[in-house]
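> Sharing a structure here in structure tokens format.
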Amino acid sequence: MTAARLSLQQSAIIESIGESDISINFLELGILPGKEIKLLKKAPFGGPMAFIIDENIIALRQHEALMIKLKS
Amino acid sequence: METAIFTHTKTIAIIGNPNVGKSSIFNQLTGLNQKIGNYPGVTVDKTVGFVRLGEKSFDLIDLPGTYSLYPKSEDEVIAHRVLNGIGEEKPDFALVILDACNLERSLLLGTQVMDLGIPLAFVVNMKDLAIKKGIDIKAFELFKSLGVPLVLTDARNNEGIDAIRQLMADEKFESPKPLLDSNAYADAALIEEVMGRFGFKNPYQAFQLLVFGEFDKAISQRDKQWLEEKSASYGFDRKKQQLKETEARYVKIAGILKSAVVRKKVESRNITISLDNIFLHPVFGFVIFLAIMLLIFQAIFAWASIPMEWIDVGFAGLSGWIYDNFPAGVLTDLLAEGIVPGIGGVVIFIPQIAMLFGFLAILEGTGYLSRVVFLMDRLMRPFGLHGKSVVPLISGMACAIPGIMAARNISNAKERLITILVTPWMSCSARLPVYIILIGLTVPDTLWMGVGLQAIGLLTMYLLGVLFTLLGALVLKFILKTKEKSYLMTELPIYRLPRWKTVLLTMFSKSKIFVFEAGKIILSISIVLWVLASYGPTGRMDAIENEKIALLENTPEEEWPIIEESYASKKLEASFIGIMGKAIEPAIRPLGYDWKIGIALLTSFAAREVFVGTIATIYSIGGDVENELTIREKLEKEVHPDTGEKVFDKATGFSLMVFYAFAMQCMSTLAVVYRETKSWKWPVLQTVVMTGVAYLAAFITYRIFS
């Protein structure tokens, strides 16, 4: 499962980040394998999602959240 | 002989993550001693501040906020260039601002800078927040394991700023041994070769260049090719090694922080999350956003008009004073009618620019601006725009100039360019006087389903602007090509109170940039326009002047104003711009315009509202030209001399409004687009395309209604 499927207030541990041109962007924002990620908010109509990682709030587009693979 | 001690001014580059309080520290250290310049080839502003500490003086270079030194945006390329001294003079020291609450992430950047070999010091900012969160930073442990001197600060409350000054005065910057060995991520021989070719003393510089080279325009094509060939021959996979290196860096940092940071569990109410329940609410979030935008719109539309009126009156007064106190002649005319109003035409934008950027600085300082991006991104994306495009576009409804300047926040080059190119189609306040006169002339003042027909007409013009802005963006989305991927991935920072000093400094520096950079172009064009409208082929102008004087001599004084008016009209007709207006008549005939309107179209290039003044002069409307009713009554009676039909009938009026809605008729916008894109290509293209669309749309409108 990926972070895009989390429901509000649900949290999980990041397993890996999918490979893409922006993989490095995840790392530099502190979105790393092993970290806990929790869904805080969702913008309407399939808009961005706001996650909490390390007490920081990070906004991602749905397509970006799809790249975060979670441990089941 | 006089002895003077010349101390060499040393340069210090300041770098840090976004939202880490870097600007706050920079402003505290330098105050108003800031200079804004350019980096060659990019649109990033170069801000340099000056600090004097006893005998020593320092130039502080404020590098753009970034999470790493990886190549993605122009901001990061600049950070990379400056820190490596590529095309820029290499600073003597670096000051890296770290976030006390996010040491892990800040140290990713911090240790990258460290590995470049430049002597540096760390400033661990926001220690107050860390204490509240129960994060205890063992400063000495951190210093021991990294070897970098560090200072703990709370810049908002001015705590620790003196310690930074002391550190600078003592030049307590170190270059410790690198955190990572670059040879583990690229072949040692490859690193060696790159170091040799580019004259680097440090292996990490070589590694960075291997990763970066492709993206930096400052690297010559030949060097790029060389880097590519070398990478291929050594089997260096840029993306893979970059990821590997970053992961290794994080592992090392985590190890260091294990002993340098102690976390206590603190139960605290999280204000940010409570506020986000309101501000990011799927319904109230948008309502609040609209309310805030309405407030900003009101400010640049209505409140700014008060100081703008003062500027207008002030410069008019200055012109009058010059006439009264200087000897009559060409030079006085140039000063009073060309240069002074030209400068006035630049200064008049300051209230709008200062107000928009004041509001933006408040929204950014509080952390709200990122929430706007979160809310609006989904709506803007289908049009090739970014969540961050919302503010420039809404500002465009008051004035495109501050809007285009605000597009700087958009990091993706394509989305930023689209925003800049379409913003002038939003209906700005300068179009309003034109619409009001023309709607008054062509739309009956009656009710339709309880709503005034004229109000509906005005609303239609505004909606037409929004519609074409979005359509234009959509078209550009498919035309413009980019390798850069669009992404949102952004941090929503915690909510804080804005720093008023930062707000004021932003208002000041944005106004300054506009006046000194765009102002030059605006002033030159306005002087040219003035010359064209005041002078004509010598024989003709003199003949008219002599005729007028002869007539004045033979009439009683109370009739002079009428004669002056009719001759002002004749002179405008005989001027170069008058000649040009007549010359373009065949081209604008299909739109329903005569040469008089042609002249107004040309002078409107100074600013759209000039239409009103020109029309008043050319139709010799006396009395109070500010009074729209006078102009309207007079224009109502204008008929074509040959056919006897009304000049401003429905077809011509509508066509003219459509033309003003779409044409690029604002030299100030042009100047600002040039300044923001650093190229004449875009403003010229924008003028051609916008005016082309305006012509076509006006033609179609004229056909439909005639």
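Naming scheme: A, B, ... for chains in displayed order of the structure tokens; residues 1 onward per chain; ligands 1 onward as shown.
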Could you please tell me, as a ChimeraX atom specification, which residues of chain A have an atom within 9 Å of chain B when using only C-alpha atoms?

/A:21-30,32,40-50,54-61,64

> Mind giving me the straight-line distance from CA of Gly519 in chain B to CA of Val672 in chain B in Å, one decimal?

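That distance, rounded to one decimal, is 8.8 Å.
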
> Just the residues within 7 Å of Ile53 in chain A, please, counting only C-alpha atoms, with nothing from its chain fewer than 5 positions along; format it as a list in words.

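Counting only the stated atoms, we get Glu36, Ile37 and Lys38 of chain A.
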
> List every residue of range 2-68 of chain A that DSSP, applied to the backbone of this structure, places in helix (DSSP H, G or I), and write the result as a ChimeraX atom specification.

/A:3-5,23-28,62-65

> Could you pull the residues within 7 Å of Lys548 in chain B, counting only C-alpha atoms, minus those fewer than 4 positions along the same chain, as number ranges by chain?

B: 544, 552, 567

> Can those selected residues be exported to a file as a CSV table (one decimal), in the first residue's frame so that it contains N, CA and C atoms?


chain,number,residue,atom,x,y,z
B,544,ILE,N,0.1,75.9,-37.3
B,544,ILE,CA,-1.1,75.8,-36.4
B,544,ILE,C,-0.9,76.8,-35.2
B,552,LEU,N,-6.4,84.3,-31.6
B,552,LEU,CA,-6.6,84.8,-30.2
B,552,LEU,C,-6.5,86.3,-30.2
B,567,TYR,N,-7.5,74.1,-30.6
B,567,TYR,CA,-6.1,74.0,-31.2
B,567,TYR,C,-5.3,72.9,-30.6

> I want to know what sits within 8 Å of range 357-359 of chain B, based on only C-alpha atoms, with residues of the same chain fewer than 3 positions away left out; could you give that as a ChimeraX atom specification?

/B:296,353-354,362-363,402,406,503-504,506-507,510

> Those residues with C-alpha atoms, as a PDB file, in the first residue's frame please?


ATOM      1  CA  ILE B 296      -5.970  42.205  -0.492  1.00  0.00           C
ATOM      2  CA  ILE B 353       3.387  47.186  -5.076  1.00  0.00           C
ATOM      3  CA  ALA B 354       4.135  47.975  -1.443  1.00  0.00           C
ATOM      4  CA  ILE B 362       2.460  38.825   6.332  1.00  0.00           C
ATOM      5  CA  LEU B 363       0.848  35.752   4.768  1.00  0.00           C
ATOM      6  CA  PRO B 402       2.904  43.553  -8.481  1.00  0.00           C
ATOM      7  CA  ALA B 406       4.916  38.000  -7.067  1.00  0.00           C
ATOM      8  CA  VAL B 503       7.260  42.928   6.281  1.00  0.00           C
ATOM      9  CA  LEU B 504       8.471  46.528   6.047  1.00  0.00           C
ATOM     10  CA  THR B 506       9.985  43.467   1.855  1.00  0.00           C
ATOM     11  CA  MET B 507       7.697  46.385   0.993  1.00  0.00           C
ATOM     12  CA  LYS B 510      10.213  45.381  -3.797  1.00  0.00           C
TER      13      LYS B 510
END

> Within 8 Å of Arg263 in chain B, counting only C-alpha atoms, which residues qualify if same-chain residues fewer than 3 places away don't, as a PyMOL selection string?

chain B and resi 134-136

> For the atom pair CA of Leu334 in chain B and CA of Gly536 in chain B, what is the interatomic distance in Å to one decimal place?

14.9 Å

> Work out how far CA of Leu474 in chain B is from CA of Pro382 in chain B, in Å to one decimal.

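Answer for the CA of Pro382 in chain B to CA of Leu474 in chain B separation: 7.5 Å.
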
> Measuring atom to atom with only C-alpha atoms, identify which of A:Leu70, A:Ala3, A:Leu39, A:Ile31 is nearest to Glu15 in chain A.

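Looking only at the distances to Glu15 in chain A, the closest residue turns out to be A:Leu70.
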
> Within 8 Å of Leu602 in chain B, counting only C-alpha atoms, which residues show up once you throw out same-chain ones fewer than 4 positions away? Write them as a PDB file with C-alpha atoms, in the first residue's frame, please.


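Printed below is selection_28.pdb as written:
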ATOM      1  CA  ILE B 577       1.427  60.408 -32.993  1.00  0.00           C
ATOM      2  CA  GLY B 581      -2.940  57.423 -35.806  1.00  0.00           C
ATOM      3  CA  GLY B 598      -6.340  55.257 -33.448  1.00  0.00           C
TER       4      GLY B 598
END
